[in-house]
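Report on one structure; see the data block that follows.
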Amino acid sequence: MNKNKGLSHTINKIASYIFATLVLCFSSYNTWLLLYNTSGSIVIATLGLLLFEGGMLFWWHSFQHGANGLPQMAVSLIVFALCLIAVGAANMIELGAITLGVDSHLPNQLIVGATLIHLTAKMIYPLISPETARAIKTKILEGKLIDKADTMLDSKMGALAEPIAERMAESAKNALLLSIGYSDSTTMIQPAQIGTAQNEKKEAKKEGAIEGDFLE
């Protein structure tokens, strides 16, 4: 019983792979024909096939096995769904399920859209990994700490600026007063005042001498 069950499981698995391969080949052939008829180039048609079917398989595999964390899983699943829609639209156009006008540019728009989607997803995908998100968060926290430290430094220097500036101004004032002959006392004596005091002493001596002569 178990052998029959295991054999049946193996047969179903092989059949599912064969069916998926056939569907993928059919879809790829229609996509390639659409791209070739649109561009007229085998190279462009082949590269476009890689963008459509190849991109769809790549993002499905990334969703199942390569994604780290919910953000990467979400991106890979969304891009897979967009690729699947593009593949379905390409097949519908090629098989005539969608009627295009003479001047319709829908196939070209699908090619350009698929290219932009893949480029955008490939640029975003590494940035939303847990390691990169953690590194970005660390850098943001470091920036916040630096800004906070700069703010605190400005605040402290602002508090110290007034007394330091007052001392510097006082020192500059004293130096200026000394350079022009003023003392730093409350009673400021000019050089002219010093000369006046000496003259008063001389006059006092003369008066004393005159009084001495008079007494004689």
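Ordering of the structure tokens sets the chain letters (A, B, ...); residue numbers start at 1 within each chain; ligands are numbered from 1 in the order shown.
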Residues within 12 Å of Leu106 of chain A, only C-alpha atoms, excluding chain neighbours under 6 positions, as a compact mmCIF listing (two decimals) with N, CA and C atoms, in the first residue's frame:
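Final file, around.txt:
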```txt
# COMPACT_ATOMS: atom_id res chain seq x y z
N LEU A 34 5.01 37.20 -30.52
CA LEU A 34 4.51 38.57 -30.37
C LEU A 34 5.67 39.56 -30.38
N LEU A 35 6.72 39.25 -29.62
CA LEU A 35 7.86 40.16 -29.56
C LEU A 35 8.59 40.25 -30.89
N THR A 38 6.54 42.28 -33.29
CA THR A 38 6.54 43.69 -32.91
C THR A 38 7.85 44.37 -33.24
N ALA A 86 1.69 40.17 -17.54
CA ALA A 86 2.29 40.54 -18.83
C ALA A 86 2.35 39.34 -19.77
N ALA A 89 -1.13 38.70 -21.05
CA ALA A 89 -1.53 39.69 -22.05
C ALA A 89 -0.85 39.43 -23.38
N ALA A 90 0.44 39.06 -23.33
CA ALA A 90 1.16 38.76 -24.57
C ALA A 90 0.54 37.58 -25.30
N MET A 92 -2.59 36.52 -25.04
CA MET A 92 -3.92 36.89 -25.52
C MET A 92 -3.83 37.72 -26.80
N ILE A 93 -2.84 38.61 -26.86
CA ILE A 93 -2.66 39.42 -28.06
C ILE A 93 -2.27 38.54 -29.25
N GLU A 94 -1.31 37.63 -29.01
CA GLU A 94 -0.81 36.78 -30.10
C GLU A 94 -1.89 35.82 -30.61
N ILE A 98 -7.28 39.50 -27.75
CA ILE A 98 -7.37 40.96 -27.62
C ILE A 98 -7.15 41.55 -29.00
N THR A 99 -8.11 42.31 -29.47
CA THR A 99 -8.02 42.93 -30.79
C THR A 99 -7.34 44.29 -30.65
N LEU A 100 -6.26 44.45 -31.41
CA LEU A 100 -5.52 45.69 -31.37
C LEU A 100 -5.83 46.53 -32.60
N VAL A 112 8.29 47.60 -22.56
CA VAL A 112 8.90 48.66 -21.75
C VAL A 112 8.48 48.53 -20.29
N GLY A 113 7.20 48.22 -20.05
CA GLY A 113 6.73 48.07 -18.68
C GLY A 113 7.43 46.93 -17.95
```
Can you list, as a VMD selection string, all residues belonging to segment 68-186 of chain A that DSSP tags as alpha helix (DSSP H)? chain A and resid 70 to 95 106 to 127 130 to 179
How would the residues just picked look written out with C-alpha atoms as an mmCIF file, in the first residue's frame?
```cif
data_model
loop_
_atom_site.group_PDB
_atom_site.id
_atom_site.type_symbol
_atom_site.label_atom_id
_atom_site.label_comp_id
_atom_site.auth_asym_id
_atom_site.auth_seq_id
_atom_site.Cartn_x
_atom_site.Cartn_y
_atom_site.Cartn_z
ATOM 1 C CA LEU A 70 8.585 39.694 4.578
ATOM 2 C CA PRO A 71 9.563 42.764 2.492
ATOM 3 C CA GLN A 72 11.583 40.702 0.019
ATOM 4 C CA MET A 73 8.855 38.064 -0.114
ATOM 5 C CA ALA A 74 6.270 40.768 -0.845
ATOM 6 C CA VAL A 75 8.353 42.336 -3.626
ATOM 7 C CA SER A 76 9.124 39.015 -5.286
ATOM 8 C CA LEU A 77 5.478 37.941 -5.155
ATOM 9 C CA ILE A 78 4.207 41.265 -6.549
ATOM 10 C CA VAL A 79 6.722 41.252 -9.411
ATOM 11 C CA PHE A 80 5.865 37.616 -10.162
ATOM 12 C CA ALA A 81 2.184 38.561 -10.380
ATOM 13 C CA LEU A 82 2.965 41.483 -12.714
ATOM 14 C CA CYS A 83 5.097 39.238 -14.925
ATOM 15 C CA LEU A 84 2.292 36.679 -15.028
ATOM 16 C CA ILE A 85 -0.139 39.386 -16.133
ATOM 17 C CA ALA A 86 2.290 40.536 -18.828
ATOM 18 C CA VAL A 87 2.748 36.968 -20.063
ATOM 19 C CA GLY A 88 -1.009 36.434 -20.147
ATOM 20 C CA ALA A 89 -1.535 39.689 -22.048
ATOM 21 C CA ALA A 90 1.161 38.761 -24.569
ATOM 22 C CA ASN A 91 -0.455 35.372 -25.193
ATOM 23 C CA MET A 92 -3.919 36.889 -25.524
ATOM 24 C CA ILE A 93 -2.662 39.422 -28.064
ATOM 25 C CA GLU A 94 -0.815 36.781 -30.104
ATOM 26 C CA LEU A 95 -3.753 34.367 -30.091
ATOM 27 C CA LEU A 106 0.259 47.823 -26.437
ATOM 28 C CA PRO A 107 2.969 45.234 -27.243
ATOM 29 C CA ASN A 108 5.659 47.898 -27.037
ATOM 30 C CA GLN A 109 4.183 49.188 -23.796
ATOM 31 C CA LEU A 110 4.245 45.665 -22.355
ATOM 32 C CA ILE A 111 7.934 45.295 -23.229
ATOM 33 C CA VAL A 112 8.896 48.663 -21.752
ATOM 34 C CA GLY A 113 6.733 48.066 -18.677
ATOM 35 C CA ALA A 114 8.268 44.646 -18.016
ATOM 36 C CA THR A 115 11.768 46.120 -18.352
ATOM 37 C CA LEU A 116 11.040 48.929 -15.899
ATOM 38 C CA ILE A 117 9.420 46.545 -13.435
ATOM 39 C CA HIS A 118 12.432 44.236 -13.429
ATOM 40 C CA LEU A 119 14.941 47.081 -13.092
ATOM 41 C CA THR A 120 13.022 48.677 -10.236
ATOM 42 C CA ALA A 121 12.561 45.384 -8.412
ATOM 43 C CA LYS A 122 16.236 44.436 -8.777
ATOM 44 C CA MET A 123 17.300 47.797 -7.290
ATOM 45 C CA ILE A 124 14.839 47.662 -4.405
ATOM 46 C CA TYR A 125 15.222 43.957 -3.594
ATOM 47 C CA PRO A 126 18.698 44.130 -1.949
ATOM 48 C CA LEU A 127 17.795 47.275 -0.003
ATOM 49 C CA PRO A 130 17.040 42.320 6.950
ATOM 50 C CA GLU A 131 20.808 42.963 7.007
ATOM 51 C CA THR A 132 20.555 46.081 4.848
ATOM 52 C CA ALA A 133 17.531 47.371 6.758
ATOM 53 C CA ARG A 134 19.429 46.874 10.025
ATOM 54 C CA ALA A 135 22.475 48.707 8.649
ATOM 55 C CA ILE A 136 20.303 51.593 7.431
ATOM 56 C CA LYS A 137 18.599 51.797 10.822
ATOM 57 C CA THR A 138 21.989 51.866 12.545
ATOM 58 C CA LYS A 139 23.137 54.724 10.304
ATOM 59 C CA ILE A 140 19.945 56.650 11.071
ATOM 60 C CA LEU A 141 20.460 56.199 14.813
ATOM 61 C CA GLU A 142 24.095 57.314 14.501
ATOM 62 C CA GLY A 143 22.959 60.420 12.652
ATOM 63 C CA LYS A 144 20.397 61.200 15.367
ATOM 64 C CA LEU A 145 23.054 60.818 18.085
ATOM 65 C CA ILE A 146 25.442 63.128 16.233
ATOM 66 C CA ASP A 147 22.712 65.735 15.775
ATOM 67 C CA LYS A 148 21.809 65.494 19.470
ATOM 68 C CA ALA A 149 25.453 65.856 20.498
ATOM 69 C CA ASP A 150 25.843 68.921 18.253
ATOM 70 C CA THR A 151 22.721 70.471 19.752
ATOM 71 C CA MET A 152 23.961 69.874 23.301
ATOM 72 C CA LEU A 153 27.380 71.305 22.393
ATOM 73 C CA ASP A 154 25.766 74.452 20.978
ATOM 74 C CA SER A 155 23.674 74.800 24.128
ATOM 75 C CA LYS A 156 26.659 74.422 26.463
ATOM 76 C CA MET A 157 28.812 76.789 24.431
ATOM 77 C CA GLY A 158 25.966 79.297 24.471
ATOM 78 C CA ALA A 159 25.858 79.106 28.280
ATOM 79 C CA LEU A 160 29.648 79.547 28.525
ATOM 80 C CA ALA A 161 29.850 82.254 25.889
ATOM 81 C CA GLU A 162 28.492 85.093 28.066
ATOM 82 C CA PRO A 163 30.907 84.819 31.043
ATOM 83 C CA ILE A 164 33.866 84.074 28.797
ATOM 84 C CA ALA A 165 33.027 87.015 26.548
ATOM 85 C CA GLU A 166 32.623 89.238 29.624
ATOM 86 C CA ARG A 167 36.091 88.261 30.877
ATOM 87 C CA MET A 168 37.619 88.829 27.464
ATOM 88 C CA ALA A 169 35.965 92.253 27.255
ATOM 89 C CA GLU A 170 37.207 93.159 30.733
ATOM 90 C CA SER A 171 40.758 92.130 29.865
ATOM 91 C CA ALA A 172 40.613 94.120 26.630
ATOM 92 C CA LYS A 173 39.301 97.141 28.529
ATOM 93 C CA ASN A 174 42.106 96.993 31.108
ATOM 94 C CA ALA A 175 44.722 96.644 28.396
ATOM 95 C CA LEU A 176 43.270 99.647 26.585
ATOM 96 C CA LEU A 177 43.216 101.759 29.751
ATOM 97 C CA LEU A 178 46.822 100.893 30.546
ATOM 98 C CA SER A 179 47.929 101.720 27.020
#
```
Pairwise distance for atom CA of Gly40 of chain A and atom CA of Ala20 of chain A, rounded to one decimal in Å: 28.7 Å
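Going from atom CA of Gly55 of chain A to atom CA of Thr31 of chain A covers 12.9 Å.
For the atom pair formed by atom CA of Leu22 of chain A and atom CA of Val43 of chain A, the distance is 23.2 Å, given to one decimal.
Counting only C-alpha atoms, Cys25 of chain A has the following residues at most 12 Å away, ignoring those fewer than 4 positions along the same chain: Ile18, Phe19, Ala20, Thr21, Tyr29, Asn30, Thr31, Trp32, Leu49, Glu53, Gly54 and Asn91 of chain A.
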